[in-house]
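Comments concern the structure below.
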Amino acid sequence: MPLALLALAIGAFGIGTTEFVIMGLLPRIAADYGVSIPTGGLLVTGYALGVVVGAPLMTVLGTRINRKTMLMLLMGLFVTGNLLSALAPSFPLMLAGRIVTSLAHGAFFGIGSVVAADLVAPDKKAGAIATMFTGLTVANVVGVPLGTFVGQAVGWRTTFGIVAALGVVGLLGIARLVPALPRPEGAHLRRELAAFRNAQVVLAMAMTVLGFGGVFAAITYIAPMMTRVAGYSEGSVTWLLVLFGVGMFLGNLIGGRYADRRLMPMLCTALGGLAVVLALFTLTAHSEAAAALTVLLVGALGFATVPPLQKRVLDQAHGAPTLASAVNIGAFNLGNALAAWLGGLVISAGLGYTAPNWVGALLAAGALVLALWSAVLERRTAAPARPEHSERARAFAG
């Protein structure tokens, strides 16, 4: 794999760390600013919405410059946002820093996916995308726990300062290692928007919303589920999240490897397995050992869908993939927000802390139905163009 993928993975590591570390530091940040935990939760919500809005916005703004330059500008924005978060004297400024940071998130992964795919042979594109996303999965195994520890031991501002430094390393790596890929011929906003007329692109994004949303329906409420149902102590939740991160890492590697061979079978297998495991989570959550294994499997099956889904969008939006790729990253966060909201609804309805698992299972099952439908539509579209069909038709007509 090209060294340029390492630079992209470093950037992904920093972004993954800053996105998720806030959850472990939220009580301390809220206390320091004198706001309630729900108010502090706006730092999570604001970031997610910033990704949804920022992904297409920043990509559109970057359509007139080459992709390497845009990636460097996005990492610069990422560094600025984290520095603002580290130094913010008030909660509104802290929230502003989170939003500034989030604006770089979707576009970086979207444009980075296109660049990663362009750096390798056609049969290795999903593997290249997975290599970049390895930075995000490693962040959940190493960056988030370490950032939480530093924030609790030294102060949360130090954590965001360190993440900003990681952004500088990523920026320098991109400047040094990523080749100056020319701006694609004929690339303009109208052509990028035209990709969304393709039903397969829209279907792939809907799969993204439902499929990864299924993961977050369960993981958002992992703390109360593990402590009040499985019987774990509060201190064990951090290590359960590390286990989830290990699953993400493994799933990302598997998804990237097999999506290059048989993309749709890989995607359907992962989505089907995810739906089954999430449904079983309502039972395994009552056992410490079984619950831990299920957390690992949810992470693995959930992230095994990421490389194939991202490559599916790139393949179907061929010729103008940049905006579609970035919007698909926003779709992941849209799914996260939707699933977390639905999970909260079923808990508030008195159905218990395992009820979000059923929500997740239904969302994943919905994504599987869309994947099967997408495959059927693709076969129907391709069938008339197959040579053997044409030969048979001519023979019959003769």
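Residue numbers start at 1 in each chain; chains themselves are named A, B, ... in the order of the structure tokens; ligands are numbered from 1 in the order shown.
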Which neighbours of stretch 370-384 of chain A fall inside 7 Å, counting only C-alpha atoms, when residues of the same chain fewer than 4 positions from it are skipped, and could you give them as a count of residues only?
6
Give the helix (DSSP H, G or I) residues of stretch 186-360 of chain A, as DSSP finds them on the backbone, and put them as a compact mmCIF listing (two decimals) with N, CA and C atoms, in the first residue's frame.
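So the final result, stored in out-v3.txt, reads:
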```
# COMPACT_ATOMS: atom_id res chain seq x y z
N LEU A 189 -19.73 21.31 -10.04
CA LEU A 189 -20.81 21.04 -9.10
C LEU A 189 -21.99 20.35 -9.77
N ARG A 190 -22.35 20.80 -10.98
CA ARG A 190 -23.52 20.21 -11.64
C ARG A 190 -23.33 18.72 -11.89
N ARG A 191 -22.11 18.36 -12.28
CA ARG A 191 -21.83 16.94 -12.53
C ARG A 191 -21.84 16.14 -11.24
N GLU A 192 -21.30 16.75 -10.16
CA GLU A 192 -21.32 16.06 -8.87
C GLU A 192 -22.75 15.84 -8.39
N LEU A 193 -23.61 16.84 -8.55
CA LEU A 193 -25.00 16.71 -8.13
C LEU A 193 -25.75 15.68 -8.97
N ALA A 194 -25.34 15.53 -10.22
CA ALA A 194 -26.03 14.59 -11.11
C ALA A 194 -25.91 13.15 -10.62
N ALA A 195 -24.86 12.88 -9.84
CA ALA A 195 -24.66 11.52 -9.32
C ALA A 195 -25.84 11.08 -8.45
N PHE A 196 -26.53 12.04 -7.84
CA PHE A 196 -27.63 11.70 -6.94
C PHE A 196 -28.90 11.32 -7.69
N ARG A 197 -28.88 11.44 -9.02
CA ARG A 197 -30.01 10.96 -9.82
C ARG A 197 -29.96 9.45 -9.98
N ALA A 199 -30.27 5.94 -8.80
CA ALA A 199 -30.98 5.29 -7.70
C ALA A 199 -30.06 4.45 -6.84
N GLN A 200 -29.02 3.87 -7.45
CA GLN A 200 -28.10 3.03 -6.69
C GLN A 200 -27.30 3.85 -5.68
N VAL A 201 -26.97 5.09 -6.02
CA VAL A 201 -26.27 5.96 -5.08
C VAL A 201 -27.17 6.26 -3.88
N VAL A 202 -28.42 6.59 -4.15
CA VAL A 202 -29.37 6.89 -3.07
C VAL A 202 -29.61 5.66 -2.20
N LEU A 203 -29.72 4.49 -2.83
CA LEU A 203 -29.92 3.26 -2.08
C LEU A 203 -28.72 2.98 -1.17
N ALA A 204 -27.51 3.19 -1.69
CA ALA A 204 -26.31 2.95 -0.89
C ALA A 204 -26.28 3.86 0.33
N MET A 205 -26.68 5.11 0.16
CA MET A 205 -26.71 6.04 1.29
C MET A 205 -27.79 5.67 2.30
N ALA A 206 -28.92 5.19 1.81
CA ALA A 206 -29.97 4.72 2.72
C ALA A 206 -29.50 3.51 3.51
N MET A 207 -28.74 2.62 2.86
CA MET A 207 -28.15 1.48 3.57
C MET A 207 -27.21 1.97 4.66
N THR A 208 -26.45 3.02 4.36
CA THR A 208 -25.51 3.58 5.33
C THR A 208 -26.24 4.10 6.56
N VAL A 209 -27.32 4.87 6.32
CA VAL A 209 -28.10 5.43 7.44
C VAL A 209 -28.65 4.32 8.32
N LEU A 210 -29.28 3.31 7.70
CA LEU A 210 -29.93 2.25 8.47
C LEU A 210 -28.91 1.28 9.07
N GLY A 211 -27.93 0.88 8.26
CA GLY A 211 -26.98 -0.14 8.72
C GLY A 211 -26.14 0.32 9.88
N PHE A 212 -25.45 1.44 9.74
CA PHE A 212 -24.61 1.89 10.85
C PHE A 212 -25.46 2.51 11.96
N GLY A 213 -26.66 2.97 11.60
CA GLY A 213 -27.58 3.42 12.63
C GLY A 213 -27.92 2.30 13.58
N GLY A 214 -28.04 1.07 13.04
CA GLY A 214 -28.31 -0.09 13.89
C GLY A 214 -27.26 -0.28 14.96
N VAL A 215 -26.00 -0.02 14.59
CA VAL A 215 -24.91 -0.14 15.56
C VAL A 215 -25.08 0.88 16.68
N PHE A 216 -25.34 2.13 16.33
CA PHE A 216 -25.41 3.18 17.34
C PHE A 216 -26.66 3.13 18.18
N ALA A 217 -27.70 2.48 17.69
CA ALA A 217 -28.89 2.31 18.53
C ALA A 217 -28.52 1.58 19.81
N ALA A 218 -27.64 0.58 19.68
CA ALA A 218 -27.22 -0.20 20.85
C ALA A 218 -26.07 0.45 21.60
N ILE A 219 -25.04 0.92 20.88
CA ILE A 219 -23.82 1.40 21.52
C ILE A 219 -24.03 2.71 22.25
N ILE A 222 -24.86 1.81 25.76
CA ILE A 222 -24.09 0.67 26.27
C ILE A 222 -23.81 0.81 27.77
N ALA A 223 -23.59 2.04 28.25
CA ALA A 223 -23.26 2.23 29.67
C ALA A 223 -24.39 1.76 30.59
N PRO A 224 -25.62 2.28 30.44
CA PRO A 224 -26.69 1.78 31.32
C PRO A 224 -27.01 0.31 31.08
N MET A 225 -26.87 -0.16 29.83
CA MET A 225 -27.17 -1.56 29.54
C MET A 225 -26.19 -2.49 30.25
N MET A 226 -24.91 -2.13 30.20
CA MET A 226 -23.89 -2.98 30.80
C MET A 226 -23.87 -2.91 32.32
N THR A 227 -24.17 -1.74 32.88
CA THR A 227 -24.12 -1.60 34.34
C THR A 227 -25.41 -2.06 35.01
N ARG A 228 -26.54 -1.82 34.39
CA ARG A 228 -27.82 -2.13 35.04
C ARG A 228 -28.44 -3.45 34.61
N VAL A 229 -27.96 -4.00 33.49
CA VAL A 229 -28.49 -5.28 33.02
C VAL A 229 -27.44 -6.38 33.12
N ALA A 230 -26.26 -6.12 32.56
CA ALA A 230 -25.21 -7.16 32.56
C ALA A 230 -24.52 -7.28 33.90
N GLU A 234 -19.17 0.62 36.71
CA GLU A 234 -19.05 1.77 35.82
C GLU A 234 -17.65 1.86 35.22
N GLY A 235 -16.65 1.48 36.01
CA GLY A 235 -15.28 1.54 35.51
C GLY A 235 -15.00 0.58 34.37
N SER A 236 -15.82 -0.44 34.22
CA SER A 236 -15.60 -1.44 33.17
C SER A 236 -16.10 -0.98 31.81
N VAL A 237 -16.94 0.07 31.79
CA VAL A 237 -17.52 0.52 30.53
C VAL A 237 -16.44 0.97 29.55
N THR A 238 -15.39 1.64 30.08
CA THR A 238 -14.30 2.10 29.21
C THR A 238 -13.68 0.93 28.45
N TRP A 239 -13.44 -0.17 29.14
CA TRP A 239 -12.81 -1.33 28.49
C TRP A 239 -13.76 -2.07 27.57
N LEU A 240 -15.04 -2.00 27.86
CA LEU A 240 -16.01 -2.56 26.93
C LEU A 240 -16.03 -1.75 25.63
N LEU A 241 -15.85 -0.43 25.75
CA LEU A 241 -15.76 0.41 24.55
C LEU A 241 -14.48 0.12 23.77
N VAL A 242 -13.40 -0.20 24.50
CA VAL A 242 -12.16 -0.61 23.83
C VAL A 242 -12.41 -1.91 23.05
N LEU A 243 -13.15 -2.82 23.68
CA LEU A 243 -13.49 -4.08 23.01
C LEU A 243 -14.31 -3.80 21.75
N PHE A 244 -15.23 -2.87 21.85
CA PHE A 244 -16.01 -2.46 20.68
C PHE A 244 -15.08 -1.91 19.60
N GLY A 245 -14.08 -1.12 20.02
CA GLY A 245 -13.11 -0.58 19.07
C GLY A 245 -12.29 -1.67 18.40
N VAL A 246 -11.92 -2.70 19.16
CA VAL A 246 -11.19 -3.84 18.58
C VAL A 246 -12.05 -4.51 17.51
N GLY A 247 -13.33 -4.68 17.82
CA GLY A 247 -14.24 -5.25 16.83
C GLY A 247 -14.31 -4.40 15.58
N MET A 248 -14.37 -3.07 15.74
CA MET A 248 -14.39 -2.16 14.60
C MET A 248 -13.14 -2.34 13.75
N PHE A 249 -12.00 -2.45 14.41
CA PHE A 249 -10.73 -2.61 13.70
C PHE A 249 -10.73 -3.89 12.86
N LEU A 250 -11.16 -4.99 13.47
CA LEU A 250 -11.18 -6.27 12.76
C LEU A 250 -12.21 -6.25 11.63
N GLY A 251 -13.37 -5.71 11.91
CA GLY A 251 -14.42 -5.65 10.89
C GLY A 251 -14.00 -4.80 9.70
N ASN A 252 -13.32 -3.70 9.97
CA ASN A 252 -12.84 -2.83 8.90
C ASN A 252 -11.87 -3.57 7.98
N LEU A 253 -10.96 -4.35 8.57
CA LEU A 253 -10.00 -5.11 7.76
C LEU A 253 -10.69 -6.18 6.92
N ILE A 254 -11.63 -6.89 7.55
CA ILE A 254 -12.35 -7.96 6.84
C ILE A 254 -13.21 -7.37 5.73
N GLY A 255 -13.94 -6.29 6.05
CA GLY A 255 -14.80 -5.66 5.06
C GLY A 255 -14.01 -5.15 3.87
N GLY A 256 -12.85 -4.54 4.14
CA GLY A 256 -12.03 -4.02 3.06
C GLY A 256 -11.46 -5.12 2.19
N ARG A 257 -11.09 -6.23 2.80
CA ARG A 257 -10.48 -7.32 2.05
C ARG A 257 -11.48 -8.02 1.13
N TYR A 258 -12.64 -8.36 1.67
CA TYR A 258 -13.58 -9.14 0.90
C TYR A 258 -14.48 -8.30 0.00
N ALA A 259 -14.61 -7.00 0.29
CA ALA A 259 -15.41 -6.14 -0.59
C ALA A 259 -14.76 -5.99 -1.95
N LEU A 263 -18.34 -7.56 -3.51
CA LEU A 263 -18.82 -6.47 -2.67
C LEU A 263 -20.21 -6.73 -2.10
N MET A 264 -21.19 -6.98 -2.94
CA MET A 264 -22.56 -7.11 -2.46
C MET A 264 -22.76 -8.34 -1.56
N PRO A 265 -22.19 -9.51 -1.90
CA PRO A 265 -22.30 -10.63 -0.95
C PRO A 265 -21.69 -10.30 0.40
N MET A 266 -20.54 -9.60 0.40
CA MET A 266 -19.91 -9.21 1.65
C MET A 266 -20.82 -8.27 2.45
N LEU A 267 -21.40 -7.30 1.77
CA LEU A 267 -22.26 -6.33 2.43
C LEU A 267 -23.51 -7.00 3.00
N CYS A 268 -24.14 -7.86 2.22
CA CYS A 268 -25.36 -8.54 2.68
C CYS A 268 -25.07 -9.47 3.86
N THR A 269 -23.93 -10.15 3.80
CA THR A 269 -23.55 -11.03 4.91
C THR A 269 -23.35 -10.24 6.20
N ALA A 270 -22.65 -9.11 6.09
CA ALA A 270 -22.39 -8.28 7.28
C ALA A 270 -23.68 -7.71 7.85
N LEU A 271 -24.56 -7.21 6.99
CA LEU A 271 -25.81 -6.63 7.46
C LEU A 271 -26.73 -7.68 8.08
N GLY A 272 -26.78 -8.87 7.45
CA GLY A 272 -27.59 -9.94 8.01
C GLY A 272 -27.07 -10.40 9.35
N GLY A 273 -25.75 -10.56 9.45
CA GLY A 273 -25.14 -10.95 10.72
C GLY A 273 -25.36 -9.91 11.79
N LEU A 274 -25.27 -8.63 11.41
CA LEU A 274 -25.48 -7.54 12.37
C LEU A 274 -26.90 -7.55 12.91
N ALA A 275 -27.87 -7.74 12.03
CA ALA A 275 -29.28 -7.78 12.48
C ALA A 275 -29.51 -8.91 13.47
N VAL A 276 -28.93 -10.08 13.20
CA VAL A 276 -29.10 -11.24 14.09
C VAL A 276 -28.43 -10.99 15.44
N VAL A 277 -27.19 -10.48 15.42
CA VAL A 277 -26.44 -10.26 16.67
C VAL A 277 -27.12 -9.20 17.52
N LEU A 278 -27.63 -8.15 16.90
CA LEU A 278 -28.33 -7.10 17.67
C LEU A 278 -29.61 -7.64 18.30
N ALA A 279 -30.31 -8.49 17.58
CA ALA A 279 -31.51 -9.10 18.16
C ALA A 279 -31.15 -9.99 19.34
N LEU A 280 -30.06 -10.75 19.22
CA LEU A 280 -29.62 -11.63 20.30
C LEU A 280 -29.10 -10.84 21.50
N PHE A 281 -28.68 -9.60 21.25
CA PHE A 281 -28.11 -8.77 22.32
C PHE A 281 -29.11 -8.56 23.45
N THR A 282 -30.40 -8.61 23.14
CA THR A 282 -31.42 -8.46 24.18
C THR A 282 -31.35 -9.61 25.19
N LEU A 283 -30.83 -10.76 24.75
CA LEU A 283 -30.66 -11.91 25.64
C LEU A 283 -29.26 -11.96 26.24
N THR A 284 -28.23 -11.75 25.42
CA THR A 284 -26.85 -11.85 25.90
C THR A 284 -26.49 -10.72 26.86
N GLU A 288 -22.45 -11.28 31.70
CA GLU A 288 -21.26 -10.46 31.51
C GLU A 288 -20.42 -10.96 30.34
N ALA A 289 -20.12 -12.26 30.32
CA ALA A 289 -19.26 -12.82 29.27
C ALA A 289 -19.92 -12.72 27.91
N ALA A 290 -21.20 -13.10 27.83
CA ALA A 290 -21.91 -13.07 26.56
C ALA A 290 -22.09 -11.64 26.06
N ALA A 291 -22.31 -10.72 26.99
CA ALA A 291 -22.47 -9.31 26.61
C ALA A 291 -21.18 -8.76 26.02
N ALA A 292 -20.04 -9.10 26.63
CA ALA A 292 -18.75 -8.63 26.13
C ALA A 292 -18.49 -9.17 24.72
N LEU A 293 -18.78 -10.44 24.50
CA LEU A 293 -18.59 -11.03 23.18
C LEU A 293 -19.50 -10.35 22.15
N THR A 294 -20.72 -10.05 22.55
CA THR A 294 -21.66 -9.41 21.64
C THR A 294 -21.21 -8.00 21.27
N VAL A 295 -20.67 -7.27 22.23
CA VAL A 295 -20.14 -5.93 21.95
C VAL A 295 -19.05 -6.01 20.89
N LEU A 296 -18.17 -7.00 21.02
CA LEU A 296 -17.11 -7.20 20.03
C LEU A 296 -17.70 -7.48 18.65
N LEU A 297 -18.71 -8.36 18.58
CA LEU A 297 -19.32 -8.73 17.31
C LEU A 297 -20.08 -7.57 16.68
N VAL A 298 -20.74 -6.76 17.50
CA VAL A 298 -21.45 -5.60 16.96
C VAL A 298 -20.46 -4.64 16.30
N GLY A 299 -19.33 -4.42 16.97
CA GLY A 299 -18.30 -3.56 16.38
C GLY A 299 -17.76 -4.13 15.08
N ALA A 300 -17.49 -5.45 15.07
CA ALA A 300 -16.90 -6.09 13.89
C ALA A 300 -17.88 -6.10 12.71
N LEU A 301 -19.11 -6.55 12.95
CA LEU A 301 -20.09 -6.63 11.86
C LEU A 301 -20.52 -5.24 11.39
N GLY A 302 -20.64 -4.31 12.34
CA GLY A 302 -21.03 -2.95 11.97
C GLY A 302 -20.01 -2.29 11.07
N PHE A 303 -18.73 -2.38 11.45
CA PHE A 303 -17.71 -1.69 10.65
C PHE A 303 -17.31 -2.49 9.43
N VAL A 306 -18.60 -0.71 6.40
CA VAL A 306 -18.14 0.63 6.01
C VAL A 306 -17.37 0.64 4.69
N PRO A 307 -16.29 -0.16 4.52
CA PRO A 307 -15.58 -0.14 3.23
C PRO A 307 -16.48 -0.50 2.04
N PRO A 308 -17.30 -1.57 2.14
CA PRO A 308 -18.15 -1.86 0.98
C PRO A 308 -19.18 -0.78 0.68
N LEU A 309 -19.75 -0.16 1.72
CA LEU A 309 -20.72 0.91 1.48
C LEU A 309 -20.06 2.12 0.83
N GLN A 310 -18.88 2.48 1.33
CA GLN A 310 -18.18 3.63 0.76
C GLN A 310 -17.74 3.35 -0.68
N LYS A 311 -17.26 2.13 -0.93
CA LYS A 311 -16.86 1.77 -2.29
C LYS A 311 -18.08 1.69 -3.20
N ARG A 312 -19.19 1.21 -2.68
CA ARG A 312 -20.43 1.13 -3.47
C ARG A 312 -20.81 2.51 -3.99
N VAL A 313 -20.72 3.52 -3.12
CA VAL A 313 -21.04 4.88 -3.53
C VAL A 313 -20.05 5.36 -4.59
N LEU A 314 -18.76 5.11 -4.38
CA LEU A 314 -17.75 5.52 -5.36
C LEU A 314 -17.99 4.86 -6.71
N ASP A 315 -18.32 3.57 -6.70
CA ASP A 315 -18.54 2.84 -7.94
C ASP A 315 -19.77 3.37 -8.69
N GLN A 316 -20.84 3.61 -7.96
CA GLN A 316 -22.09 4.02 -8.61
C GLN A 316 -22.08 5.49 -9.02
N THR A 322 -16.84 12.63 -5.67
CA THR A 322 -16.36 13.33 -4.48
C THR A 322 -17.49 13.76 -3.56
N LEU A 323 -18.49 14.46 -4.11
CA LEU A 323 -19.59 14.94 -3.28
C LEU A 323 -20.39 13.77 -2.72
N ALA A 324 -20.67 12.76 -3.56
CA ALA A 324 -21.42 11.60 -3.09
C ALA A 324 -20.69 10.88 -1.96
N SER A 325 -19.38 10.77 -2.08
CA SER A 325 -18.58 10.12 -1.04
C SER A 325 -18.67 10.89 0.27
N ALA A 326 -18.57 12.22 0.20
CA ALA A 326 -18.64 13.04 1.41
C ALA A 326 -20.03 12.99 2.03
N VAL A 327 -21.06 13.05 1.20
CA VAL A 327 -22.43 12.99 1.72
C VAL A 327 -22.68 11.65 2.40
N ASN A 328 -22.07 10.58 1.88
CA ASN A 328 -22.24 9.27 2.51
C ASN A 328 -21.64 9.24 3.90
N ILE A 329 -20.54 9.98 4.12
CA ILE A 329 -19.99 10.10 5.48
C ILE A 329 -20.98 10.82 6.39
N GLY A 330 -21.64 11.85 5.85
CA GLY A 330 -22.68 12.51 6.62
C GLY A 330 -23.83 11.57 6.92
N ALA A 331 -24.08 10.62 6.00
CA ALA A 331 -25.16 9.65 6.22
C ALA A 331 -24.87 8.76 7.42
N PHE A 332 -23.59 8.42 7.65
CA PHE A 332 -23.24 7.65 8.84
C PHE A 332 -23.67 8.40 10.10
N ASN A 333 -23.37 9.70 10.15
CA ASN A 333 -23.71 10.49 11.33
C ASN A 333 -25.21 10.74 11.44
N LEU A 334 -25.89 10.85 10.30
CA LEU A 334 -27.35 10.97 10.33
C LEU A 334 -27.96 9.71 10.92
N GLY A 335 -27.43 8.55 10.51
CA GLY A 335 -27.89 7.29 11.07
C GLY A 335 -27.64 7.20 12.56
N ASN A 336 -26.47 7.70 12.99
CA ASN A 336 -26.14 7.69 14.42
C ASN A 336 -27.15 8.51 15.21
N ALA A 337 -27.45 9.71 14.72
CA ALA A 337 -28.38 10.60 15.43
C ALA A 337 -29.78 10.02 15.45
N LEU A 338 -30.23 9.48 14.31
CA LEU A 338 -31.57 8.88 14.23
C LEU A 338 -31.70 7.69 15.17
N ALA A 339 -30.70 6.82 15.16
CA ALA A 339 -30.76 5.61 15.98
C ALA A 339 -30.71 5.94 17.47
N ALA A 340 -29.86 6.91 17.84
CA ALA A 340 -29.79 7.31 19.25
C ALA A 340 -31.13 7.87 19.73
N TRP A 341 -31.80 8.64 18.87
CA TRP A 341 -33.10 9.21 19.22
C TRP A 341 -34.15 8.11 19.38
N LEU A 342 -34.18 7.17 18.43
CA LEU A 342 -35.15 6.07 18.51
C LEU A 342 -34.88 5.19 19.73
N GLY A 343 -33.59 4.94 20.01
CA GLY A 343 -33.24 4.16 21.19
C GLY A 343 -33.71 4.82 22.47
N GLY A 344 -33.57 6.14 22.52
CA GLY A 344 -34.05 6.88 23.69
C GLY A 344 -35.56 6.81 23.84
N LEU A 345 -36.26 6.81 22.71
CA LEU A 345 -37.72 6.73 22.75
C LEU A 345 -38.20 5.43 23.38
N VAL A 346 -37.59 4.30 22.98
CA VAL A 346 -38.06 3.02 23.51
C VAL A 346 -37.70 2.86 24.98
N ILE A 347 -36.58 3.46 25.41
CA ILE A 347 -36.24 3.42 26.83
C ILE A 347 -37.23 4.27 27.62
N SER A 348 -37.53 5.48 27.10
CA SER A 348 -38.49 6.36 27.76
C SER A 348 -39.88 5.74 27.83
N ALA A 355 -34.00 -2.57 25.03
CA ALA A 355 -34.91 -2.32 23.92
C ALA A 355 -34.23 -1.67 22.71
N PRO A 356 -33.24 -0.78 22.90
CA PRO A 356 -32.57 -0.22 21.72
C PRO A 356 -31.93 -1.27 20.82
N ASN A 357 -31.63 -2.45 21.37
CA ASN A 357 -31.06 -3.51 20.53
C ASN A 357 -32.06 -3.97 19.46
N TRP A 358 -33.33 -4.00 19.83
CA TRP A 358 -34.36 -4.36 18.86
C TRP A 358 -34.48 -3.28 17.79
N VAL A 359 -34.36 -2.03 18.21
CA VAL A 359 -34.36 -0.93 17.24
C VAL A 359 -33.21 -1.11 16.25
N GLY A 360 -32.03 -1.41 16.80
CA GLY A 360 -30.86 -1.61 15.95
C GLY A 360 -31.04 -2.78 15.01
```
Which value, in Å to one decimal, gives the distance between atom CA of A:Leu103 and atom CA of A:Leu136?
16.6 Å
Expressed in Å, the length from atom CA of A:Met132 to atom CA of A:Ser85 is 25.3 Å
Near-A:Arg176 list (12 Å; only C-alpha atoms; drop same-chain fewer than 2 positions) as a PDB file with N, CA and C atoms, in the first residue's frame:
```
ATOM      1  N   LEU A   3       2.509   4.891   0.870  1.00  0.00           N
ATOM      2  CA  LEU A   3       2.698   5.596   2.141  1.00  0.00           C
ATOM      3  C   LEU A   3       1.685   6.719   2.323  1.00  0.00           C
ATOM      4  N   ALA A   4       1.154   7.230   1.218  1.00  0.00           N
ATOM      5  CA  ALA A   4       0.156   8.291   1.317  1.00  0.00           C
ATOM      6  C   ALA A   4      -1.047   7.851   2.150  1.00  0.00           C
ATOM      7  N   LEU A   5      -1.357   6.552   2.121  1.00  0.00           N
ATOM      8  CA  LEU A   5      -2.472   6.045   2.920  1.00  0.00           C
ATOM      9  C   LEU A   5      -2.201   6.194   4.412  1.00  0.00           C
ATOM     10  N   LEU A   6      -0.921   6.144   4.802  1.00  0.00           N
ATOM     11  CA  LEU A   6      -0.561   6.340   6.205  1.00  0.00           C
ATOM     12  C   LEU A   6      -0.907   7.749   6.658  1.00  0.00           C
ATOM     13  N   ALA A   7      -0.623   8.731   5.802  1.00  0.00           N
ATOM     14  CA  ALA A   7      -0.947  10.116   6.138  1.00  0.00           C
ATOM     15  C   ALA A   7      -2.449  10.293   6.306  1.00  0.00           C
ATOM     16  N   LEU A   8      -3.223   9.668   5.417  1.00  0.00           N
ATOM     17  CA  LEU A   8      -4.682   9.742   5.528  1.00  0.00           C
ATOM     18  C   LEU A   8      -5.169   9.045   6.795  1.00  0.00           C
ATOM     19  N   LYS A  68      -5.599  17.180  -2.974  1.00  0.00           N
ATOM     20  CA  LYS A  68      -4.548  17.248  -1.967  1.00  0.00           C
ATOM     21  C   LYS A  68      -4.621  18.571  -1.214  1.00  0.00           C
ATOM     22  N   THR A  69      -4.750  19.659  -1.945  1.00  0.00           N
ATOM     23  CA  THR A  69      -4.851  20.976  -1.307  1.00  0.00           C
ATOM     24  C   THR A  69      -6.059  21.045  -0.392  1.00  0.00           C
ATOM     25  N   MET A  72      -5.445  19.250   2.854  1.00  0.00           N
ATOM     26  CA  MET A  72      -4.586  20.044   3.741  1.00  0.00           C
ATOM     27  C   MET A  72      -5.384  21.165   4.404  1.00  0.00           C
ATOM     28  N   VAL A 169       0.411  16.827  12.575  1.00  0.00           N
ATOM     29  CA  VAL A 169       1.167  15.695  12.022  1.00  0.00           C
ATOM     30  C   VAL A 169       0.482  15.165  10.766  1.00  0.00           C
ATOM     31  N   GLY A 170      -0.848  15.041  10.824  1.00  0.00           N
ATOM     32  CA  GLY A 170      -1.593  14.586   9.658  1.00  0.00           C
ATOM     33  C   GLY A 170      -1.459  15.536   8.487  1.00  0.00           C
ATOM     34  N   LEU A 171      -1.525  16.841   8.764  1.00  0.00           N
ATOM     35  CA  LEU A 171      -1.380  17.848   7.710  1.00  0.00           C
ATOM     36  C   LEU A 171      -0.011  17.743   7.040  1.00  0.00           C
ATOM     37  N   LEU A 172       1.047  17.644   7.856  1.00  0.00           N
ATOM     38  CA  LEU A 172       2.402  17.532   7.309  1.00  0.00           C
ATOM     39  C   LEU A 172       2.564  16.235   6.512  1.00  0.00           C
ATOM     40  N   GLY A 173       1.941  15.151   7.008  1.00  0.00           N
ATOM     41  CA  GLY A 173       2.015  13.886   6.294  1.00  0.00           C
ATOM     42  C   GLY A 173       1.357  13.960   4.929  1.00  0.00           C
ATOM     43  N   ILE A 174       0.205  14.630   4.862  1.00  0.00           N
ATOM     44  CA  ILE A 174      -0.485  14.793   3.582  1.00  0.00           C
ATOM     45  C   ILE A 174       0.358  15.636   2.630  1.00  0.00           C
ATOM     46  N   VAL A 178       1.151  12.582   0.133  1.00  0.00           N
ATOM     47  CA  VAL A 178       0.066  12.470  -0.844  1.00  0.00           C
ATOM     48  C   VAL A 178       0.465  13.166  -2.134  1.00  0.00           C
ATOM     49  N   PRO A 179       0.397  12.475  -3.262  1.00  0.00           N
ATOM     50  CA  PRO A 179       0.772  13.104  -4.533  1.00  0.00           C
ATOM     51  C   PRO A 179      -0.206  14.205  -4.917  1.00  0.00           C
ATOM     52  N   ALA A 180       0.261  15.158  -5.686  1.00  0.00           N
ATOM     53  CA  ALA A 180      -0.579  16.269  -6.142  1.00  0.00           C
ATOM     54  C   ALA A 180      -1.468  15.788  -7.277  1.00  0.00           C
TER      55      ALA A 180
END
```
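What separates atom CA of A:His286 from atom CA of A:Leu363 is a distance of 22.3 Å.
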Counting only C-alpha atoms, figure out which residue out of A:Pro122, A:Gly62, A:Gly110, A:Pro92 gets nearest to A:Ala30.
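Nearest candidate to A:Ala30 out of A:Pro122, A:Gly62, A:Gly110, A:Pro92: A:Pro92.
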Near-stretch 20-22 of chain A list (7 Å; only C-alpha atoms; drop same-chain fewer than 3 positions) as an NGL selection string
:A and (16-17 or 25-26 or 144 or 147-148)
Can you tell me, as a PyMOL selection string, what residues are no more than 12 Å from A:Leu83 when counting only C-alpha atoms, ignoring any on the same chain fewer than 3 positions away?
chain A and resi 18+76-80+86-89+93-94+96-98+100-101+157-168
Closest of A:Ala175, A:Val141, A:Val154, A:Leu57 to A:Met75, counting only C-alpha atoms, is A:Ala175
Write out as a list in words the residues lying within 7 Å of A:Ser113, counting only C-alpha atoms and excluding same-chain residues fewer than 4 positions away.
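Residues near the query, excluding close chain neighbours: Phe109, Ala117 and Ile129 of chain A.
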Kindly export the residues of the current selection with N, CA and C atoms, as a PDB file, in the first residue's frame.
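Result went into result_20.pdb, see below:
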```pdb
ATOM      1  N   PHE A 109     -13.109  12.548   5.143  1.00  0.00           N
ATOM      2  CA  PHE A 109     -13.300  11.127   4.860  1.00  0.00           C
ATOM      3  C   PHE A 109     -13.841  10.918   3.444  1.00  0.00           C
ATOM      4  N   ALA A 117      -8.732   5.531  -3.057  1.00  0.00           N
ATOM      5  CA  ALA A 117      -9.100   4.616  -4.140  1.00  0.00           C
ATOM      6  C   ALA A 117      -8.304   4.896  -5.406  1.00  0.00           C
ATOM      7  N   ILE A 129      -9.447   2.070   0.960  1.00  0.00           N
ATOM      8  CA  ILE A 129     -10.391   2.829   1.791  1.00  0.00           C
ATOM      9  C   ILE A 129     -10.355   2.315   3.227  1.00  0.00           C
TER      10      ILE A 129
END
```
